[in-house]
Amino acid sequence: MAETTGNGKVVRIEVLRYRPEQDEEPFLQGYDVPFTDDMSVLQGLQYIKDWLDGTLSFRWSCRMAICGSCGMMIDGEPRLACKTFLRDFPAGTVRVEALAHFPIERDLVIRMDDFLAKLERIKPYIIPKEARTLAQGEYLQTPAELDVYEQFSSCINCLLCYAACPQYGLNPEFVGPGIMALLHRYNADSRDGAAAERMEIAGSEAGVFNCTAVGYCSEVCPKHVDPANAVNQNKTRAAGDYFLRFITPKGGAR
Amino acid sequence: MKSITRRSNAPVFWGLFGAGGMLAALFGPVLVFITGIAVPLGIILPADAMSWPRMQAFAQHWAGKGLLFLVVALFMWHAMHRILHSLHDLGVRAGTAMQFACYGVALLVTILATWALMALGF
């Protein structure tokens, strides 16, 4: 890393620190980090950990916006540290904090237990409409059927949309934008047959009607998923289920 | 987390909110223009367009009655839903008490509108 100090540029990275065994509450700690134009905020944090302060904790893995590990608040915006570059902070300082709306485990590491519990509940996998034997071959799908859900399948569970959602911040029982995008990804899949079961969650008190259509979730998504759209489509569908269950014998979710 | 297993009754209020919003978008601006600008200032429409006898006749016709009812009641359900959620954003939690208060006002206005329109006769 030392050789990356070449062009003499230095950025001050202010990091929100919190070590539960010794800190009463989170506080900002600044580090002066030499950088080159090709360095991401994640590389800046790695420089700190390698050369300045080995006690700093943060999650990362792939360095290329695939794994969804390095979501954090960068100058107050939910962003992936690997996809945000130090050269884009011409003022010479950048503030890095743990993702908003989540409990802090340590420094920039948040607890995602709530998200994972919700993720399990929506059964984020295809539950086939009809069982097929190997001899019957694959479940075929047309390009049009793929188009309906494809963008929603790009979610990498980075939780930026949760940090962006004011309603999740006010009421963490709300299943939230990412879960709704994933729920919709499976419900909209022509091969899946468990939509009615998942709609129980979409139409629950923790479901879609907590959304007030702010739309910031879709803006911050690093994978161009549109969770706000998934929520909106399911508001209509959940409302349909609510009223149709009185008319059709097996209509609606319950 | 119990709320994830309980069916939400929000579709009722969300439906009224949506219907009121659609109606407000279509008729709101022109109603403001007619009642607030055009008639009082005598622009485009004659100054007596909203005179008592005319408005009474309008409110006594079944179509006029229906339109007035929808405009008053649905605008109100729309507004109270929006106020409830805006207050929630400002930190007043949209719990049961606030729901009763906000939707209660909308229901009260709906009942009053019904009563007033019926009292005017046909």
# chains A, B, ... in the order shown; residues from 1 in each chain; ligands from 1

call {"tool": "closest_atom_pairs", "arguments": {"of": "chain A", "to": "chain B", "cutoff": "9 Å", "atoms": "only C-alpha atoms", "output": "CSV"}}
result
residue,atom,partner,partner_atom,distance
A:Pro166,CA,B:Asp89,CA,7.8
A:Gln167,CA,B:Asp89,CA,7.8
A:Leu170,CA,B:Asp89,CA,7.7
A:Glu173,CA,B:Met1,CA,6.9
A:Phe174,CA,B:Ile4,CA,8.2
A:Val175,CA,B:Ile4,CA,7.9
A:Glu200,CA,B:Arg7,CA,7.0
A:Ile201,CA,B:Ile4,CA,5.8
A:Ala202,CA,B:Ile4,CA,8.5
A:Gly203,CA,B:Ser8,CA,6.0
A:Ser204,CA,B:Arg7,CA,4.2
A:Glu205,CA,B:Ser8,CA,4.5
A:Ala206,CA,B:Ile4,CA,4.8
A:Gly207,CA,B:Ile4,CA,6.9
A:Phe209,CA,B:Ala10,CA,6.5
A:Thr212,CA,B:His85,CA,7.6
A:Lys235,CA,B:Pro11,CA,8.1
A:Thr236,CA,B:Pro11,CA,8.7
A:Ala238,CA,B:Pro11,CA,7.5
A:Ala239,CA,B:Pro11,CA,4.9
A:Gly240,CA,B:Pro11,CA,8.3
A:Tyr242,CA,B:Pro11,CA,6.8
A:Phe243,CA,B:Pro11,CA,8.2
A:Arg254,CA,B:Arg7,CA,8.5

call {"tool": "residues_around", "arguments": {"residues": "segment 114-129 of chain A", "least_positions_apart": "2", "cutoff": "9 Å", "atoms": "only C-alpha atoms", "output": "MDAnalysis selection string"}}
result
chainID A and resid 102 111:112 131:132 139 157 159 172:173 175:176 178:180 182:183 185:187 189:194 197:199 201

call {"tool": "write_last_selection", "arguments": {"atoms": "N, CA and C atoms", "output": "PDB file, in the first residue's frame"}}
result
ATOM      1  N   PHE A 102     -29.513   0.888  11.756  1.00  0.00           N
ATOM      2  CA  PHE A 102     -29.155  -0.435  12.285  1.00  0.00           C
ATOM      3  C   PHE A 102     -28.328  -0.276  13.554  1.00  0.00           C
ATOM      4  N   ARG A 111     -25.388  -4.688  12.910  1.00  0.00           N
ATOM      5  CA  ARG A 111     -26.065  -5.980  13.128  1.00  0.00           C
ATOM      6  C   ARG A 111     -27.177  -6.109  12.111  1.00  0.00           C
ATOM      7  N   MET A 112     -27.164  -7.168  11.325  1.00  0.00           N
ATOM      8  CA  MET A 112     -28.204  -7.333  10.309  1.00  0.00           C
ATOM      9  C   MET A 112     -29.169  -8.472  10.649  1.00  0.00           C
ATOM     10  N   ALA A 131     -44.467 -30.067  -9.377  1.00  0.00           N
ATOM     11  CA  ALA A 131     -43.261 -30.881  -9.268  1.00  0.00           C
ATOM     12  C   ALA A 131     -42.959 -31.492 -10.630  1.00  0.00           C
ATOM     13  N   ARG A 132     -41.707 -31.495 -10.991  1.00  0.00           N
ATOM     14  CA  ARG A 132     -41.314 -32.109 -12.269  1.00  0.00           C
ATOM     15  C   ARG A 132     -40.211 -33.121 -12.007  1.00  0.00           C
ATOM     16  N   TYR A 139     -37.527 -26.233 -16.120  1.00  0.00           N
ATOM     17  CA  TYR A 139     -38.666 -25.324 -16.091  1.00  0.00           C
ATOM     18  C   TYR A 139     -38.351 -24.223 -17.101  1.00  0.00           C
ATOM     19  N   ASN A 157     -28.321  -7.647  -1.110  1.00  0.00           N
ATOM     20  CA  ASN A 157     -28.531  -7.569   0.344  1.00  0.00           C
ATOM     21  C   ASN A 157     -27.551  -6.618   1.042  1.00  0.00           C
ATOM     22  N   LEU A 159     -28.209  -3.593   2.050  1.00  0.00           N
ATOM     23  CA  LEU A 159     -28.963  -2.823   3.054  1.00  0.00           C
ATOM     24  C   LEU A 159     -28.902  -1.307   2.877  1.00  0.00           C
ATOM     25  N   PRO A 172     -38.909  -0.095  12.699  1.00  0.00           N
ATOM     26  CA  PRO A 172     -38.110  -1.212  12.190  1.00  0.00           C
ATOM     27  C   PRO A 172     -38.894  -2.513  12.017  1.00  0.00           C
ATOM     28  N   GLU A 173     -40.164  -2.529  12.395  1.00  0.00           N
ATOM     29  CA  GLU A 173     -40.970  -3.722  12.115  1.00  0.00           C
ATOM     30  C   GLU A 173     -41.310  -3.812  10.622  1.00  0.00           C
ATOM     31  N   VAL A 175     -41.129  -4.475   6.951  1.00  0.00           N
ATOM     32  CA  VAL A 175     -40.236  -5.436   6.295  1.00  0.00           C
ATOM     33  C   VAL A 175     -39.201  -4.733   5.417  1.00  0.00           C
ATOM     34  N   GLY A 176     -39.554  -3.564   4.902  1.00  0.00           N
ATOM     35  CA  GLY A 176     -38.565  -2.736   4.227  1.00  0.00           C
ATOM     36  C   GLY A 176     -38.412  -2.985   2.736  1.00  0.00           C
ATOM     37  N   GLY A 178     -35.741  -3.711   0.591  1.00  0.00           N
ATOM     38  CA  GLY A 178     -34.987  -4.832   0.033  1.00  0.00           C
ATOM     39  C   GLY A 178     -35.774  -6.128   0.088  1.00  0.00           C
ATOM     40  N   ILE A 179     -36.399  -6.387   1.236  1.00  0.00           N
ATOM     41  CA  ILE A 179     -37.197  -7.609   1.388  1.00  0.00           C
ATOM     42  C   ILE A 179     -38.353  -7.597   0.387  1.00  0.00           C
ATOM     43  N   MET A 180     -38.965  -6.436   0.184  1.00  0.00           N
ATOM     44  CA  MET A 180     -40.081  -6.374  -0.765  1.00  0.00           C
ATOM     45  C   MET A 180     -39.607  -6.619  -2.199  1.00  0.00           C
ATOM     46  N   LEU A 182     -37.112  -8.516  -3.031  1.00  0.00           N
ATOM     47  CA  LEU A 182     -36.833  -9.956  -3.142  1.00  0.00           C
ATOM     48  C   LEU A 182     -38.117 -10.768  -3.134  1.00  0.00           C
ATOM     49  N   LEU A 183     -39.062 -10.360  -2.300  1.00  0.00           N
ATOM     50  CA  LEU A 183     -40.369 -11.030  -2.276  1.00  0.00           C
ATOM     51  C   LEU A 183     -41.001 -10.972  -3.669  1.00  0.00           C
ATOM     52  N   ARG A 185     -39.417 -10.504  -6.464  1.00  0.00           N
ATOM     53  CA  ARG A 185     -38.613 -11.258  -7.417  1.00  0.00           C
ATOM     54  C   ARG A 185     -39.129 -12.709  -7.537  1.00  0.00           C
ATOM     55  N   TYR A 186     -39.510 -13.316  -6.400  1.00  0.00           N
ATOM     56  CA  TYR A 186     -39.989 -14.700  -6.451  1.00  0.00           C
ATOM     57  C   TYR A 186     -41.469 -14.772  -6.823  1.00  0.00           C
ATOM     58  N   ASN A 187     -42.257 -13.842  -6.306  1.00  0.00           N
ATOM     59  CA  ASN A 187     -43.687 -13.857  -6.643  1.00  0.00           C
ATOM     60  C   ASN A 187     -43.925 -13.640  -8.134  1.00  0.00           C
ATOM     61  N   ASP A 189     -42.025 -14.561 -10.528  1.00  0.00           N
ATOM     62  CA  ASP A 189     -41.377 -15.586 -11.339  1.00  0.00           C
ATOM     63  C   ASP A 189     -42.409 -16.606 -11.808  1.00  0.00           C
ATOM     64  N   SER A 190     -42.467 -16.842 -13.121  1.00  0.00           N
ATOM     65  CA  SER A 190     -43.499 -17.717 -13.671  1.00  0.00           C
ATOM     66  C   SER A 190     -43.372 -19.159 -13.171  1.00  0.00           C
ATOM     67  N   ARG A 191     -42.194 -19.521 -12.655  1.00  0.00           N
ATOM     68  CA  ARG A 191     -41.994 -20.899 -12.194  1.00  0.00           C
ATOM     69  C   ARG A 191     -42.435 -21.106 -10.750  1.00  0.00           C
ATOM     70  N   ASP A 192     -42.700 -19.971 -10.065  1.00  0.00           N
ATOM     71  CA  ASP A 192     -42.965 -20.049  -8.625  1.00  0.00           C
ATOM     72  C   ASP A 192     -44.454 -20.189  -8.330  1.00  0.00           C
ATOM     73  N   GLY A 193     -44.762 -20.894  -7.240  1.00  0.00           N
ATOM     74  CA  GLY A 193     -46.165 -21.109  -6.897  1.00  0.00           C
ATOM     75  C   GLY A 193     -46.519 -20.712  -5.480  1.00  0.00           C
ATOM     76  N   ALA A 194     -45.661 -19.910  -4.821  1.00  0.00           N
ATOM     77  CA  ALA A 194     -45.893 -19.613  -3.400  1.00  0.00           C
ATOM     78  C   ALA A 194     -46.276 -18.155  -3.147  1.00  0.00           C
ATOM     79  N   GLU A 197     -48.677 -17.262  -0.233  1.00  0.00           N
ATOM     80  CA  GLU A 197     -48.032 -17.361   1.076  1.00  0.00           C
ATOM     81  C   GLU A 197     -47.197 -16.111   1.370  1.00  0.00           C
ATOM     82  N   ARG A 198     -46.447 -15.657   0.359  1.00  0.00           N
ATOM     83  CA  ARG A 198     -45.613 -14.468   0.568  1.00  0.00           C
ATOM     84  C   ARG A 198     -46.466 -13.208   0.677  1.00  0.00           C
ATOM     85  N   MET A 199     -47.625 -13.213   0.005  1.00  0.00           N
ATOM     86  CA  MET A 199     -48.487 -12.015   0.074  1.00  0.00           C
ATOM     87  C   MET A 199     -49.028 -11.783   1.489  1.00  0.00           C
ATOM     88  N   ILE A 201     -47.251 -11.728   4.024  1.00  0.00           N
ATOM     89  CA  ILE A 201     -46.270 -10.814   4.625  1.00  0.00           C
ATOM     90  C   ILE A 201     -46.394  -9.426   4.006  1.00  0.00           C
TER      91      ILE A 201
END

call {"tool": "residues_around", "arguments": {"residues": "Ala49 of chain B", "least_positions_apart": "4", "cutoff": "12 Å", "atoms": "only C-alpha atoms", "output": "number ranges by chain"}}
result
B: 34-35, 38-45, 53-58

call {"tool": "write_last_selection", "arguments": {"atoms": "all heavy atoms", "output": "compact mmCIF listing (two decimals), in the first residue's frame"}}
result
# COMPACT_ATOMS: atom_id res chain seq x y z
N ILE B 34 -62.65 27.93 -10.07
CA ILE B 34 -64.04 28.36 -10.22
C ILE B 34 -64.53 29.08 -8.96
O ILE B 34 -65.03 30.21 -9.03
CB ILE B 34 -64.96 27.14 -10.52
CG1 ILE B 34 -64.64 26.58 -11.92
CG2 ILE B 34 -66.43 27.53 -10.43
CD1 ILE B 34 -65.34 25.26 -12.22
N THR B 35 -64.35 28.40 -7.80
CA THR B 35 -64.95 28.95 -6.57
C THR B 35 -64.13 30.10 -5.99
O THR B 35 -64.67 30.97 -5.31
CB THR B 35 -65.08 27.86 -5.49
OG1 THR B 35 -63.77 27.34 -5.19
CG2 THR B 35 -65.97 26.72 -5.95
N ALA B 38 -62.55 32.54 -10.54
CA ALA B 38 -63.40 32.88 -11.69
C ALA B 38 -64.72 33.53 -11.27
O ALA B 38 -65.08 34.61 -11.77
CB ALA B 38 -63.67 31.62 -12.51
N VAL B 39 -65.43 32.91 -10.33
CA VAL B 39 -66.74 33.46 -9.95
C VAL B 39 -66.63 34.76 -9.14
O VAL B 39 -67.27 35.76 -9.51
CB VAL B 39 -67.58 32.38 -9.22
CG1 VAL B 39 -68.86 32.99 -8.63
CG2 VAL B 39 -67.90 31.23 -10.16
N PRO B 40 -65.82 34.80 -8.08
CA PRO B 40 -65.72 36.06 -7.32
C PRO B 40 -65.27 37.25 -8.17
O PRO B 40 -65.72 38.37 -7.98
CB PRO B 40 -64.68 35.75 -6.24
CG PRO B 40 -64.64 34.27 -6.14
CD PRO B 40 -65.03 33.73 -7.47
N LEU B 41 -64.35 37.00 -9.13
CA LEU B 41 -63.84 38.10 -9.94
C LEU B 41 -64.62 38.28 -11.24
O LEU B 41 -64.33 39.19 -12.02
CB LEU B 41 -62.35 37.88 -10.26
CG LEU B 41 -61.40 37.79 -9.06
CD1 LEU B 41 -59.96 37.58 -9.52
CD2 LEU B 41 -61.48 39.06 -8.20
N GLY B 42 -65.57 37.39 -11.51
CA GLY B 42 -66.36 37.49 -12.73
C GLY B 42 -65.55 37.22 -13.99
O GLY B 42 -65.86 37.74 -15.06
N ILE B 43 -64.46 36.41 -13.89
CA ILE B 43 -63.68 36.05 -15.06
C ILE B 43 -64.27 34.77 -15.67
O ILE B 43 -64.54 33.82 -14.94
CB ILE B 43 -62.21 35.76 -14.69
CG1 ILE B 43 -61.63 36.91 -13.84
CG2 ILE B 43 -61.36 35.56 -15.94
CD1 ILE B 43 -60.30 36.58 -13.21
N ILE B 44 -64.43 34.78 -17.00
CA ILE B 44 -64.96 33.62 -17.74
C ILE B 44 -66.39 33.29 -17.33
O ILE B 44 -67.30 33.25 -18.15
CB ILE B 44 -64.06 32.37 -17.62
CG1 ILE B 44 -62.63 32.72 -18.06
CG2 ILE B 44 -64.63 31.22 -18.49
CD1 ILE B 44 -61.62 31.63 -17.83
N LEU B 45 -66.60 33.05 -16.03
CA LEU B 45 -67.94 32.69 -15.57
C LEU B 45 -68.66 33.93 -15.05
O LEU B 45 -68.04 34.84 -14.50
CB LEU B 45 -67.83 31.66 -14.43
CG LEU B 45 -67.29 30.28 -14.85
CD1 LEU B 45 -66.95 29.46 -13.62
CD2 LEU B 45 -68.27 29.55 -15.74
N PRO B 53 -79.82 30.27 -5.44
CA PRO B 53 -80.78 29.40 -6.13
C PRO B 53 -80.10 28.38 -7.06
O PRO B 53 -80.50 27.22 -7.12
CB PRO B 53 -81.63 30.36 -6.96
CG PRO B 53 -81.34 31.72 -6.44
CD PRO B 53 -80.03 31.69 -5.76
N ARG B 54 -79.07 28.82 -7.77
CA ARG B 54 -78.36 27.91 -8.67
C ARG B 54 -77.69 26.77 -7.90
O ARG B 54 -77.81 25.60 -8.26
CB ARG B 54 -77.25 28.67 -9.44
CG ARG B 54 -77.76 29.39 -10.67
CD ARG B 54 -76.63 30.26 -11.20
NE ARG B 54 -77.08 31.09 -12.30
CZ ARG B 54 -76.90 30.76 -13.58
NH1 ARG B 54 -76.29 29.64 -13.89
NH2 ARG B 54 -77.32 31.55 -14.54
N MET B 55 -76.99 27.13 -6.82
CA MET B 55 -76.28 26.11 -6.05
C MET B 55 -77.26 25.17 -5.35
O MET B 55 -77.01 23.98 -5.22
CB MET B 55 -75.33 26.76 -5.03
CG MET B 55 -74.13 27.45 -5.65
SD MET B 55 -73.34 26.51 -6.97
CE MET B 55 -72.64 25.14 -6.05
N GLN B 56 -78.38 25.74 -4.91
CA GLN B 56 -79.39 24.90 -4.26
C GLN B 56 -79.95 23.88 -5.25
O GLN B 56 -80.06 22.69 -4.94
CB GLN B 56 -80.52 25.76 -3.69
CG GLN B 56 -81.41 24.98 -2.77
CD GLN B 56 -82.57 25.79 -2.23
OE1 GLN B 56 -83.05 26.71 -2.90
NE2 GLN B 56 -83.00 25.47 -1.02
N ALA B 57 -80.24 24.37 -6.46
CA ALA B 57 -80.75 23.46 -7.49
C ALA B 57 -79.71 22.38 -7.81
O ALA B 57 -80.04 21.20 -7.98
CB ALA B 57 -81.09 24.26 -8.76
N PHE B 58 -78.46 22.79 -7.86
CA PHE B 58 -77.36 21.85 -8.13
C PHE B 58 -77.31 20.76 -7.05
O PHE B 58 -77.21 19.57 -7.35
CB PHE B 58 -76.02 22.62 -8.18
CG PHE B 58 -74.83 21.76 -8.49
CD1 PHE B 58 -74.63 21.26 -9.78
CD2 PHE B 58 -73.90 21.46 -7.51
CE1 PHE B 58 -73.51 20.48 -10.07
CE2 PHE B 58 -72.78 20.67 -7.80
CZ PHE B 58 -72.59 20.18 -9.08

call {"tool": "atom_distance", "arguments": {"atom1": "atom CA of Met39 of chain A", "atom2": "atom CA of Leu86 of chain A"}}
result
6.1 Å

call {"tool": "atom_distance", "arguments": {"atom1": "atom CA of Gly68 of chain A", "atom2": "atom CA of Ile156 of chain A"}}
result
5.3 Å

call {"tool": "select_by_dssp", "arguments": {"residues": "segment 30-97 of chain A", "states": "alpha helix (DSSP H)", "output": "VMD selection string"}}
result
chain A and resid 41 to 47

call {"tool": "write_last_selection", "arguments": {"atoms": "C-alpha atoms", "output": "CSV table (one decimal), in the first residue's frame"}}
result
chain,number,residue,atom,x,y,z
A,41,VAL,CA,-13.2,4.8,0.1
A,42,LEU,CA,-12.8,1.1,1.0
A,43,GLN,CA,-9.2,1.2,0.0
A,44,GLY,CA,-8.9,4.3,2.2
A,45,LEU,CA,-10.2,2.3,5.1
A,46,GLN,CA,-7.9,-0.6,4.3
A,47,TYR,CA,-5.0,1.9,4.4

call {"tool": "atom_distance", "arguments": {"atom1": "atom CA of Val10 of chain A", "atom2": "atom CA of Val220 of chain A"}}
result
27.2 Å

call {"tool": "residues_around", "arguments": {"residues": "Trp62 of chain B", "least_positions_apart": "5", "cutoff": "12 Å", "atoms": "only C-alpha atoms", "output": "VMD selection string"}}
result
chain B and resid 56 to 57 67 to 69 117 to 118 120 to 122

call {"tool": "select_by_dssp", "arguments": {"residues": "segment 45-237 of chain A", "states": "strand (DSSP E or B)", "output": "list in words"}}
result
Gly71, Met72, Met73, Ile74, Glu77, Pro78, Arg79, Leu80, Phe85, Thr93, Val94, Arg95, Val96, Glu97, Ile104, Glu105, Arg106, Val109, Ile110, Pro128, Asp192 and Ser204 of chain A

call {"tool": "residues_around", "arguments": {"residues": "segment 110-114 of chain B", "least_positions_apart": "5", "cutoff": "9 Å", "atoms": "only C-alpha atoms", "output": "list in words"}}
result
Leu68, Phe69, Val72, Ala73, Leu74, Met76, Trp77, Val105 and Ala119 of chain B

call {"tool": "closest_residue", "arguments": {"among": "B:Ile83, B:Leu31, B:Leu23, B:Ala59", "to": "Ala116 of chain B", "atoms": "only C-alpha atoms"}}
result
B:Ala59

call {"tool": "decode", "arguments": {"residues": "segment 133-149 of chain A", "atoms": "C-alpha atoms", "output": "CSV table (one decimal), in the first residue's frame"}}
result
chain,number,residue,atom,x,y,z
A,133,THR,CA,-39.2,-35.2,-12.6
A,134,LEU,CA,-35.7,-35.0,-14.1
A,135,ALA,CA,-37.0,-36.7,-17.2
A,136,GLN,CA,-39.5,-33.9,-17.8
A,137,GLY,CA,-36.6,-31.5,-18.2
A,138,GLU,CA,-36.1,-27.9,-17.1
A,139,TYR,CA,-38.7,-25.3,-16.1
A,140,LEU,CA,-38.8,-23.2,-19.2
A,141,GLN,CA,-39.3,-19.5,-19.2
A,142,THR,CA,-39.8,-17.0,-22.0
A,143,PRO,CA,-37.7,-13.8,-22.3
A,144,ALA,CA,-40.8,-11.8,-21.4
A,145,GLU,CA,-41.4,-13.9,-18.3
A,146,LEU,CA,-37.8,-13.2,-17.3
A,147,ASP,CA,-38.1,-9.5,-17.9
A,148,VAL,CA,-40.9,-9.2,-15.3
A,149,TYR,CA,-38.6,-10.1,-12.3
